[in-house]
Amino acid sequence: MNRTDDLKKWKLAVEETMQELIESSDMPTRLRDAMSYSLEAGGKRIRPALVYAVLETYGIAIERGREVASTLEMVHTYSLIHDDLPAMDDDDLRRGRLTNHRQFDEATAILAGDALLTDAFRILSEANLPAEAIVEIIRAFGLAAGSTGMVGGQLDDMLAEKRDDVTLQELQSIHERKTGALLVYALEAGSILAGVSKEDRLQLKQFGRHLGIAFQIQDDILDVIGDEQAIGKRVGSDEENEKTTYPKLLGLDGAKRALDAEVDAATFAIQSLSVQAPLLVDLLTFVVKRNY
């Protein structure tokens, strides 16, 4: 099976599970419609794919990661809904469609995001997994998604707008949290589910850290030279919003060199595992070669 087939299989698995979980919950119709609208918008599904890739790498059926992968994508989707709001990035398009608050309204979009976040932790707590694993996964998830992870990174990213003194170290810190934290969590959660060794778990987290920065650098590059139709949102919005990006700090060629360095570090982490991990190599390649 090639990389495209793997991604399609994992994408289908997580999308079917998310829809099933949303439809089985008793909630107002408009809220379900708003949640489903953003969940169904597509996307790369890289985060759940990482969970599934770790499981398959260690010979575990992906069904074991059903709730972990789905709730991870639910929380990622909530973050996108809120990120698009007028108070934040004020975007009209996401994945080639109207953003949630444009399709519905701001209040509904906020509540849809709130519901996706809150329901995710409830679903995890009900997963058919050992209690110790559930507690460990929920703790790691909360750290990755909350104030010390994604949310804290998002705030610092907003505060860095229109500043001309943001350092490369600050930018790295922002994106290790805003973009990278959930990617690292995907690998950590997969490690917990697969029962991997302490050494392999550390290497997988290192892989996730470098993958996250590589993901963000490629995002920044695409905002400069990408195709708006392929990306599904406005190109050039980073410059318009006076955001500090890797191309802005390093120049386009410098950003490409930084991307190569992160790929090398991520590859080294994969090669340090106790098992061969071609699926993770494929996902790394997909992240840095993607055009959307």
# chains A, B, ... in the order shown; residues from 1 in each chain; ligands from 1

call {"tool": "closest_atom_pairs", "arguments": {"of": "range 144-233 of chain A", "to": "range 263-287 of chain A", "cutoff": "7 Å", "atoms": "only C-alpha atoms", "output": "Markdown table"}}
result
| residue | atom | partner | partner_atom | distance |
| --- | --- | --- | --- | --- |
| A:Asp200 | CA | A:Leu273 | CA | 5.4 |
| A:Gln203 | CA | A:Ala269 | CA | 5.3 |
| A:Leu204 | CA | A:Ala269 | CA | 6.9 |
| A:Gln206 | CA | A:Ala269 | CA | 6.3 |
| A:Phe207 | CA | A:Ala266 | CA | 4.6 |
| A:His210 | CA | A:Ala266 | CA | 5.3 |
| A:Leu211 | CA | A:Ala266 | CA | 6.1 |
| A:Ala214 | CA | A:Val263 | CA | 6.6 |
| A:Phe215 | CA | A:Val287 | CA | 6.0 |

call {"tool": "residues_around", "arguments": {"residues": "Trp10 in chain A", "least_positions_apart": "3", "cutoff": "9 Å", "atoms": "only C-alpha atoms", "output": "PyMOL selection string"}}
result
chain A and resi 5-7+13-15+45+48-49+52-53+62

call {"tool": "write_last_selection", "arguments": {"atoms": "N, CA and C atoms", "output": "short mmCIF file (atom, residue, chain, number, x, y, z; two decimals), in the first residue's frame"}}
result
data_model
loop_
_atom_site.label_atom_id
_atom_site.label_comp_id
_atom_site.auth_asym_id
_atom_site.auth_seq_id
_atom_site.Cartn_x
_atom_site.Cartn_y
_atom_site.Cartn_z
N ASP A 5 -2.79 5.66 -0.40
CA ASP A 5 -3.77 4.68 0.07
C ASP A 5 -3.87 4.67 1.59
N ASP A 6 -2.74 4.76 2.27
CA ASP A 6 -2.75 4.82 3.73
C ASP A 6 -3.53 6.03 4.22
N LEU A 7 -3.23 7.19 3.65
CA LEU A 7 -3.91 8.42 4.08
C LEU A 7 -5.41 8.34 3.82
N ALA A 13 -11.48 6.37 8.03
CA ALA A 13 -11.74 5.81 9.36
C ALA A 13 -12.10 6.91 10.36
N VAL A 14 -11.33 8.00 10.38
CA VAL A 14 -11.59 9.05 11.36
C VAL A 14 -12.86 9.81 11.02
N GLU A 15 -13.13 10.02 9.74
CA GLU A 15 -14.33 10.77 9.36
C GLU A 15 -15.60 9.98 9.66
N ARG A 45 -6.08 15.70 7.74
CA ARG A 45 -6.23 14.70 8.81
C ARG A 45 -4.87 14.14 9.23
N PRO A 48 -4.80 12.65 13.24
CA PRO A 48 -5.24 11.25 13.42
C PRO A 48 -4.39 10.26 12.63
N ALA A 49 -3.89 10.69 11.46
CA ALA A 49 -3.04 9.79 10.68
C ALA A 49 -1.79 9.40 11.46
N TYR A 52 -2.71 6.65 13.93
CA TYR A 52 -2.85 5.37 13.24
C TYR A 52 -1.50 4.84 12.75
N ALA A 53 -0.63 5.73 12.28
CA ALA A 53 0.68 5.30 11.78
C ALA A 53 1.51 4.68 12.90
N ILE A 62 -5.67 -0.33 13.98
CA ILE A 62 -6.01 1.09 14.16
C ILE A 62 -7.31 1.27 14.94
#

call {"tool": "residues_around", "arguments": {"residues": "Ile134 in chain A", "least_positions_apart": "4", "cutoff": "7 Å", "atoms": "only C-alpha atoms", "output": "number ranges by chain"}}
result
A: 124-125, 129-130, 138

call {"tool": "closest_residue", "arguments": {"among": "A:Ala194, A:Val51, A:Ala120, A:Ile60", "to": "Thr77 in chain A", "atoms": "only C-alpha atoms"}}
result
A:Ala120

call {"tool": "residues_around", "arguments": {"residues": "Pro28 in chain A", "least_positions_apart": "6", "cutoff": "12 Å", "atoms": "only C-alpha atoms", "output": "PyMOL selection string"}}
result
chain A and resi 22+34-35+108+111-112+115

call {"tool": "write_last_selection", "arguments": {"atoms": "C-alpha atoms", "output": "PDB file, in the first residue's frame"}}
result
ATOM      1  CA  ILE A  22     -21.745  13.462  16.556  1.00  0.00           C
ATOM      2  CA  ALA A  34     -22.509  23.643  12.684  1.00  0.00           C
ATOM      3  CA  MET A  35     -20.236  21.003  14.198  1.00  0.00           C
ATOM      4  CA  THR A 108     -23.144  29.453  16.767  1.00  0.00           C
ATOM      5  CA  LEU A 111     -20.621  27.249  20.618  1.00  0.00           C
ATOM      6  CA  ALA A 112     -19.842  24.649  17.952  1.00  0.00           C
ATOM      7  CA  ALA A 115     -18.982  21.621  22.004  1.00  0.00           C
TER       8      ALA A 115
END

call {"tool": "residues_around", "arguments": {"residues": "Asp84 in chain A", "least_positions_apart": "3", "cutoff": "9 Å", "atoms": "only C-alpha atoms", "output": "PyMOL selection string"}}
result
chain A and resi 79-81+87-94+99-101

call {"tool": "write_last_selection", "arguments": {"atoms": "N, CA, C and O atoms", "output": "PDB file, in the first residue's frame"}}
result
ATOM      1  N   SER A  79     -10.349  24.380  17.097  1.00  0.00           N
ATOM      2  CA  SER A  79      -9.348  25.453  17.083  1.00  0.00           C
ATOM      3  C   SER A  79      -9.414  26.243  15.782  1.00  0.00           C
ATOM      4  O   SER A  79      -9.200  27.458  15.775  1.00  0.00           O
ATOM      5  N   LEU A  80      -9.717  25.571  14.684  1.00  0.00           N
ATOM      6  CA  LEU A  80      -9.826  26.262  13.394  1.00  0.00           C
ATOM      7  C   LEU A  80     -11.061  27.149  13.349  1.00  0.00           C
ATOM      8  O   LEU A  80     -11.020  28.277  12.832  1.00  0.00           O
ATOM      9  N   ILE A  81     -12.181  26.651  13.878  1.00  0.00           N
ATOM     10  CA  ILE A  81     -13.411  27.451  13.925  1.00  0.00           C
ATOM     11  C   ILE A  81     -13.162  28.748  14.685  1.00  0.00           C
ATOM     12  O   ILE A  81     -13.509  29.841  14.230  1.00  0.00           O
ATOM     13  N   ALA A  87     -12.575  38.106  15.817  1.00  0.00           N
ATOM     14  CA  ALA A  87     -11.689  38.544  16.899  1.00  0.00           C
ATOM     15  C   ALA A  87     -10.271  37.984  16.762  1.00  0.00           C
ATOM     16  O   ALA A  87      -9.348  38.477  17.411  1.00  0.00           O
ATOM     17  N   MET A  88     -10.121  36.970  15.896  1.00  0.00           N
ATOM     18  CA  MET A  88      -8.793  36.375  15.720  1.00  0.00           C
ATOM     19  C   MET A  88      -8.296  36.640  14.295  1.00  0.00           C
ATOM     20  O   MET A  88      -7.927  37.748  13.965  1.00  0.00           O
ATOM     21  N   ASP A  89      -8.338  35.636  13.407  1.00  0.00           N
ATOM     22  CA  ASP A  89      -7.799  35.852  12.061  1.00  0.00           C
ATOM     23  C   ASP A  89      -8.796  36.475  11.094  1.00  0.00           C
ATOM     24  O   ASP A  89      -8.411  36.924  10.014  1.00  0.00           O
ATOM     25  N   ASP A  90     -10.072  36.454  11.444  1.00  0.00           N
ATOM     26  CA  ASP A  90     -11.131  37.068  10.625  1.00  0.00           C
ATOM     27  C   ASP A  90     -11.079  36.570   9.183  1.00  0.00           C
ATOM     28  O   ASP A  90     -11.004  37.345   8.226  1.00  0.00           O
ATOM     29  N   ASP A  91     -11.155  35.242   9.030  1.00  0.00           N
ATOM     30  CA  ASP A  91     -11.105  34.641   7.696  1.00  0.00           C
ATOM     31  C   ASP A  91     -12.497  34.298   7.185  1.00  0.00           C
ATOM     32  O   ASP A  91     -13.386  33.935   7.959  1.00  0.00           O
ATOM     33  N   ASP A  92     -12.659  34.397   5.877  1.00  0.00           N
ATOM     34  CA  ASP A  92     -13.934  34.075   5.238  1.00  0.00           C
ATOM     35  C   ASP A  92     -13.959  32.661   4.671  1.00  0.00           C
ATOM     36  O   ASP A  92     -15.036  32.090   4.472  1.00  0.00           O
ATOM     37  N   LEU A  93     -12.769  32.108   4.380  1.00  0.00           N
ATOM     38  CA  LEU A  93     -12.686  30.790   3.768  1.00  0.00           C
ATOM     39  C   LEU A  93     -11.840  29.850   4.602  1.00  0.00           C
ATOM     40  O   LEU A  93     -10.821  30.244   5.167  1.00  0.00           O
ATOM     41  N   ARG A  94     -12.259  28.601   4.648  1.00  0.00           N
ATOM     42  CA  ARG A  94     -11.496  27.538   5.295  1.00  0.00           C
ATOM     43  C   ARG A  94     -11.725  26.275   4.476  1.00  0.00           C
ATOM     44  O   ARG A  94     -12.845  25.850   4.273  1.00  0.00           O
ATOM     45  N   THR A  99     -16.135  29.973   6.140  1.00  0.00           N
ATOM     46  CA  THR A  99     -15.815  29.616   7.515  1.00  0.00           C
ATOM     47  C   THR A  99     -17.113  29.460   8.309  1.00  0.00           C
ATOM     48  O   THR A  99     -18.176  29.915   7.893  1.00  0.00           O
ATOM     49  N   ASN A 100     -17.018  28.808   9.458  1.00  0.00           N
ATOM     50  CA  ASN A 100     -18.211  28.454  10.214  1.00  0.00           C
ATOM     51  C   ASN A 100     -19.059  29.664  10.571  1.00  0.00           C
ATOM     52  O   ASN A 100     -20.292  29.645  10.436  1.00  0.00           O
ATOM     53  N   HIS A 101     -18.407  30.735  11.012  1.00  0.00           N
ATOM     54  CA  HIS A 101     -19.184  31.908  11.421  1.00  0.00           C
ATOM     55  C   HIS A 101     -19.797  32.635  10.240  1.00  0.00           C
ATOM     56  O   HIS A 101     -20.762  33.385  10.407  1.00  0.00           O
TER      57      HIS A 101
END

call {"tool": "select_by_dssp", "arguments": {"residues": "range 41-271 of chain A", "states": "strand (DSSP E)", "output": "JSON, numbers by chain"}}
result
{"A": [93, 94, 97, 98]}

call {"tool": "atom_distance", "arguments": {"atom1": "CA of Gln169 in chain A", "atom2": "CA of Val184 in chain A"}}
result
19.0 Å

call {"tool": "closest_residue", "arguments": {"among": "A:Lys44, A:Arg122, A:Arg290, A:Lys9", "to": "Glu73 in chain A", "atoms": "only C-alpha atoms"}}
result
A:Lys44

call {"tool": "select_by_dssp", "arguments": {"residues": "range 68-164 of chain A", "states": "alpha helix (DSSP H)", "output": "PyMOL selection string"}}
result
chain A and resi 68-83+100-103+106-125+131-145+150-159

call {"tool": "write_last_selection", "arguments": {"atoms": "C-alpha atoms", "output": "PDB file, in the first residue's frame"}}
result
ATOM      1  CA  VAL A  68      -8.112   9.052  20.344  1.00  0.00           C
ATOM      2  CA  ALA A  69      -7.824   9.865  16.638  1.00  0.00           C
ATOM      3  CA  SER A  70     -11.381  11.186  16.366  1.00  0.00           C
ATOM      4  CA  THR A  71     -11.265  13.413  19.432  1.00  0.00           C
ATOM      5  CA  LEU A  72      -7.907  14.801  18.309  1.00  0.00           C
ATOM      6  CA  GLU A  73      -9.435  15.889  15.000  1.00  0.00           C
ATOM      7  CA  MET A  74     -12.466  17.305  16.838  1.00  0.00           C
ATOM      8  CA  VAL A  75     -10.218  19.514  18.971  1.00  0.00           C
ATOM      9  CA  HIS A  76      -8.164  20.548  15.953  1.00  0.00           C
ATOM     10  CA  THR A  77     -11.405  21.494  14.161  1.00  0.00           C
ATOM     11  CA  TYR A  78     -12.615  23.515  17.158  1.00  0.00           C
ATOM     12  CA  SER A  79      -9.348  25.453  17.083  1.00  0.00           C
ATOM     13  CA  LEU A  80      -9.826  26.262  13.394  1.00  0.00           C
ATOM     14  CA  ILE A  81     -13.411  27.451  13.925  1.00  0.00           C
ATOM     15  CA  HIS A  82     -12.282  29.819  16.674  1.00  0.00           C
ATOM     16  CA  ASP A  83      -9.116  30.844  14.799  1.00  0.00           C
ATOM     17  CA  ASN A 100     -18.211  28.454  10.214  1.00  0.00           C
ATOM     18  CA  HIS A 101     -19.184  31.908  11.421  1.00  0.00           C
ATOM     19  CA  ARG A 102     -19.887  33.008   7.844  1.00  0.00           C
ATOM     20  CA  GLN A 103     -22.017  29.945   7.125  1.00  0.00           C
ATOM     21  CA  GLU A 106     -20.499  34.059  15.294  1.00  0.00           C
ATOM     22  CA  ALA A 107     -22.370  32.824  18.370  1.00  0.00           C
ATOM     23  CA  THR A 108     -23.144  29.453  16.767  1.00  0.00           C
ATOM     24  CA  ALA A 109     -19.551  29.079  15.604  1.00  0.00           C
ATOM     25  CA  ILE A 110     -18.224  29.772  19.103  1.00  0.00           C
ATOM     26  CA  LEU A 111     -20.621  27.249  20.618  1.00  0.00           C
ATOM     27  CA  ALA A 112     -19.842  24.649  17.952  1.00  0.00           C
ATOM     28  CA  GLY A 113     -16.160  24.975  18.838  1.00  0.00           C
ATOM     29  CA  ASP A 114     -16.939  24.777  22.548  1.00  0.00           C
ATOM     30  CA  ALA A 115     -18.982  21.621  22.004  1.00  0.00           C
ATOM     31  CA  LEU A 116     -16.289  19.923  19.927  1.00  0.00           C
ATOM     32  CA  LEU A 117     -13.685  20.627  22.615  1.00  0.00           C
ATOM     33  CA  THR A 118     -15.826  19.561  25.562  1.00  0.00           C
ATOM     34  CA  ASP A 119     -17.346  16.491  23.908  1.00  0.00           C
ATOM     35  CA  ALA A 120     -13.888  15.289  22.926  1.00  0.00           C
ATOM     36  CA  PHE A 121     -12.852  14.800  26.551  1.00  0.00           C
ATOM     37  CA  ARG A 122     -16.165  13.139  27.422  1.00  0.00           C
ATOM     38  CA  ILE A 123     -15.755  10.700  24.508  1.00  0.00           C
ATOM     39  CA  LEU A 124     -12.195   9.882  25.583  1.00  0.00           C
ATOM     40  CA  SER A 125     -13.337   9.183  29.136  1.00  0.00           C
ATOM     41  CA  ALA A 131      -8.352   3.298  32.978  1.00  0.00           C
ATOM     42  CA  GLU A 132      -4.638   4.130  33.411  1.00  0.00           C
ATOM     43  CA  ALA A 133      -4.233   4.657  29.674  1.00  0.00           C
ATOM     44  CA  ILE A 134      -7.304   6.907  29.519  1.00  0.00           C
ATOM     45  CA  VAL A 135      -6.033   9.090  32.369  1.00  0.00           C
ATOM     46  CA  GLU A 136      -2.548   9.324  30.832  1.00  0.00           C
ATOM     47  CA  ILE A 137      -3.968  10.199  27.406  1.00  0.00           C
ATOM     48  CA  ILE A 138      -6.400  12.807  28.764  1.00  0.00           C
ATOM     49  CA  ARG A 139      -3.626  14.457  30.756  1.00  0.00           C
ATOM     50  CA  ALA A 140      -1.339  14.611  27.710  1.00  0.00           C
ATOM     51  CA  PHE A 141      -4.231  15.904  25.580  1.00  0.00           C
ATOM     52  CA  GLY A 142      -5.073  18.662  28.056  1.00  0.00           C
ATOM     53  CA  LEU A 143      -1.450  19.794  28.190  1.00  0.00           C
ATOM     54  CA  ALA A 144      -1.157  19.827  24.397  1.00  0.00           C
ATOM     55  CA  ALA A 145      -4.451  21.608  23.708  1.00  0.00           C
ATOM     56  CA  MET A 150      -1.937  25.162  21.539  1.00  0.00           C
ATOM     57  CA  VAL A 151      -4.001  27.909  23.210  1.00  0.00           C
ATOM     58  CA  GLY A 152      -0.962  29.578  24.763  1.00  0.00           C
ATOM     59  CA  GLY A 153       0.811  29.426  21.419  1.00  0.00           C
ATOM     60  CA  GLN A 154      -2.196  30.981  19.683  1.00  0.00           C
ATOM     61  CA  LEU A 155      -2.237  33.907  22.113  1.00  0.00           C
ATOM     62  CA  ASP A 156       1.484  34.558  21.738  1.00  0.00           C
ATOM     63  CA  ASP A 157       1.040  34.350  17.967  1.00  0.00           C
ATOM     64  CA  MET A 158      -1.630  37.064  18.132  1.00  0.00           C
ATOM     65  CA  LEU A 159       0.519  39.223  20.402  1.00  0.00           C
TER      66      LEU A 159
END

call {"tool": "closest_residue", "arguments": {"among": "A:Pro86, A:Gly254, A:Gly195, A:Gly180", "to": "Ile46 in chain A", "atoms": "only C-alpha atoms"}}
result
A:Gly180

call {"tool": "residues_around", "arguments": {"residues": "Asp220 in chain A", "least_positions_apart": "2", "cutoff": "12 Å", "atoms": "only C-alpha atoms", "output": "PyMOL selection string"}}
result
chain A and resi 171+175+179+213-218+222-226+231+235-239+243-252+255-256+258-259+288+291-292

call {"tool": "closest_residue", "arguments": {"among": "A:Gly212, A:Gly65, A:Gly146, A:Gly96", "to": "Ile192 in chain A", "atoms": "only C-alpha atoms"}}
result
A:Gly65

call {"tool": "atom_distance", "arguments": {"atom1": "CA of Ala189 in chain A", "atom2": "CA of Glu170 in chain A"}}
result
26.9 Å

call {"tool": "closest_residue", "arguments": {"among": "A:Glu126, A:Ala61, A:Glu242, A:Leu187", "to": "Val166 in chain A", "atoms": "only C-alpha atoms"}}
result
A:Glu242

call {"tool": "decode", "arguments": {"residues": "range 247-259 of chain A", "atoms": "all heavy atoms", "output": "mmCIF file, in the first residue's frame"}}
result
data_model
loop_
_atom_site.group_PDB
_atom_site.id
_atom_site.type_symbol
_atom_site.label_atom_id
_atom_site.label_comp_id
_atom_site.auth_asym_id
_atom_site.auth_seq_id
_atom_site.Cartn_x
_atom_site.Cartn_y
_atom_site.Cartn_z
ATOM 1 N N PRO A 247 9.593 32.852 6.471
ATOM 2 C CA PRO A 247 10.115 33.614 5.321
ATOM 3 C C PRO A 247 10.395 35.075 5.639
ATOM 4 O O PRO A 247 11.340 35.661 5.117
ATOM 5 C CB PRO A 247 8.981 33.491 4.282
ATOM 6 C CG PRO A 247 8.285 32.227 4.638
ATOM 7 C CD PRO A 247 8.334 32.171 6.139
ATOM 8 N N LYS A 248 9.581 35.673 6.516
ATOM 9 C CA LYS A 248 9.811 37.071 6.879
ATOM 10 C C LYS A 248 11.124 37.233 7.637
ATOM 11 O O LYS A 248 11.880 38.189 7.406
ATOM 12 C CB LYS A 248 8.654 37.589 7.727
ATOM 13 C CG LYS A 248 8.764 39.064 8.097
ATOM 14 C CD LYS A 248 7.549 39.547 8.866
ATOM 15 C CE LYS A 248 7.663 41.013 9.249
ATOM 16 N NZ LYS A 248 6.461 41.482 9.990
ATOM 17 N N LEU A 249 11.424 36.305 8.545
ATOM 18 C CA LEU A 249 12.654 36.398 9.340
ATOM 19 C C LEU A 249 13.880 35.918 8.575
ATOM 20 O O LEU A 249 14.978 36.476 8.728
ATOM 21 C CB LEU A 249 12.517 35.584 10.628
ATOM 22 C CG LEU A 249 11.673 36.165 11.761
ATOM 23 C CD1 LEU A 249 11.756 35.259 12.980
ATOM 24 C CD2 LEU A 249 12.135 37.568 12.134
ATOM 25 N N LEU A 250 13.707 34.861 7.778
ATOM 26 C CA LEU A 250 14.861 34.201 7.164
ATOM 27 C C LEU A 250 14.950 34.409 5.661
ATOM 28 O O LEU A 250 15.957 34.023 5.054
ATOM 29 C CB LEU A 250 14.791 32.685 7.443
ATOM 30 C CG LEU A 250 14.726 32.263 8.910
ATOM 31 C CD1 LEU A 250 14.515 30.755 9.007
ATOM 32 C CD2 LEU A 250 15.988 32.668 9.656
ATOM 33 N N GLY A 251 13.914 35.011 5.066
ATOM 34 C CA GLY A 251 13.847 35.053 3.610
ATOM 35 C C GLY A 251 13.319 33.715 3.104
ATOM 36 O O GLY A 251 13.373 32.706 3.817
ATOM 37 N N LEU A 252 12.831 33.684 1.882
ATOM 38 C CA LEU A 252 12.240 32.451 1.360
ATOM 39 C C LEU A 252 13.265 31.324 1.268
ATOM 40 O O LEU A 252 12.995 30.191 1.677
ATOM 41 C CB LEU A 252 11.619 32.719 -0.020
ATOM 42 C CG LEU A 252 10.772 31.590 -0.617
ATOM 43 C CD1 LEU A 252 9.632 31.211 0.314
ATOM 44 C CD2 LEU A 252 10.232 32.014 -1.977
ATOM 45 N N ASP A 253 14.456 31.616 0.781
ATOM 46 C CA ASP A 253 15.499 30.587 0.680
ATOM 47 C C ASP A 253 15.939 30.122 2.064
ATOM 48 O O ASP A 253 16.183 28.930 2.280
ATOM 49 C CB ASP A 253 16.699 31.108 -0.104
ATOM 50 C CG ASP A 253 16.412 31.235 -1.602
ATOM 51 O OD1 ASP A 253 15.434 30.607 -2.072
ATOM 52 O OD2 ASP A 253 17.145 31.979 -2.283
ATOM 53 N N GLY A 254 16.037 31.060 3.008
ATOM 54 C CA GLY A 254 16.406 30.688 4.370
ATOM 55 C C GLY A 254 15.357 29.810 5.018
ATOM 56 O O GLY A 254 15.681 28.869 5.758
ATOM 57 N N ALA A 255 14.082 30.094 4.752
ATOM 58 C CA ALA A 255 12.991 29.272 5.289
ATOM 59 C C ALA A 255 13.068 27.862 4.715
ATOM 60 O O ALA A 255 12.835 26.874 5.431
ATOM 61 C CB ALA A 255 11.643 29.908 4.965
ATOM 62 N N LYS A 256 13.402 27.752 3.444
ATOM 63 C CA LYS A 256 13.534 26.428 2.825
ATOM 64 C C LYS A 256 14.692 25.646 3.437
ATOM 65 O O LYS A 256 14.588 24.433 3.642
ATOM 66 C CB LYS A 256 13.711 26.572 1.314
ATOM 67 C CG LYS A 256 12.447 27.059 0.600
ATOM 68 C CD LYS A 256 12.685 27.239 -0.897
ATOM 69 C CE LYS A 256 11.411 27.695 -1.593
ATOM 70 N NZ LYS A 256 11.620 27.905 -3.053
ATOM 71 N N ARG A 257 15.782 26.339 3.761
ATOM 72 C CA ARG A 257 16.912 25.674 4.421
ATOM 73 C C ARG A 257 16.527 25.237 5.832
ATOM 74 O O ARG A 257 16.904 24.133 6.276
ATOM 75 C CB ARG A 257 18.134 26.593 4.457
ATOM 76 C CG ARG A 257 18.799 26.786 3.093
ATOM 77 C CD ARG A 257 20.163 27.451 3.236
ATOM 78 N NE ARG A 257 20.058 28.815 3.733
ATOM 79 C CZ ARG A 257 19.898 29.882 2.954
ATOM 80 N NH1 ARG A 257 19.806 29.740 1.641
ATOM 81 N NH2 ARG A 257 19.846 31.095 3.477
ATOM 82 N N ALA A 258 15.773 26.079 6.542
ATOM 83 C CA ALA A 258 15.308 25.721 7.883
ATOM 84 C C ALA A 258 14.385 24.506 7.814
ATOM 85 O O ALA A 258 14.431 23.622 8.684
ATOM 86 C CB ALA A 258 14.580 26.905 8.522
ATOM 87 N N LEU A 259 13.554 24.443 6.779
ATOM 88 C CA LEU A 259 12.673 23.293 6.577
ATOM 89 C C LEU A 259 13.500 22.025 6.397
ATOM 90 O O LEU A 259 13.213 20.988 7.017
ATOM 91 C CB LEU A 259 11.790 23.534 5.356
ATOM 92 C CG LEU A 259 10.857 22.403 4.924
ATOM 93 C CD1 LEU A 259 9.862 22.064 6.023
ATOM 94 C CD2 LEU A 259 10.132 22.776 3.632
#
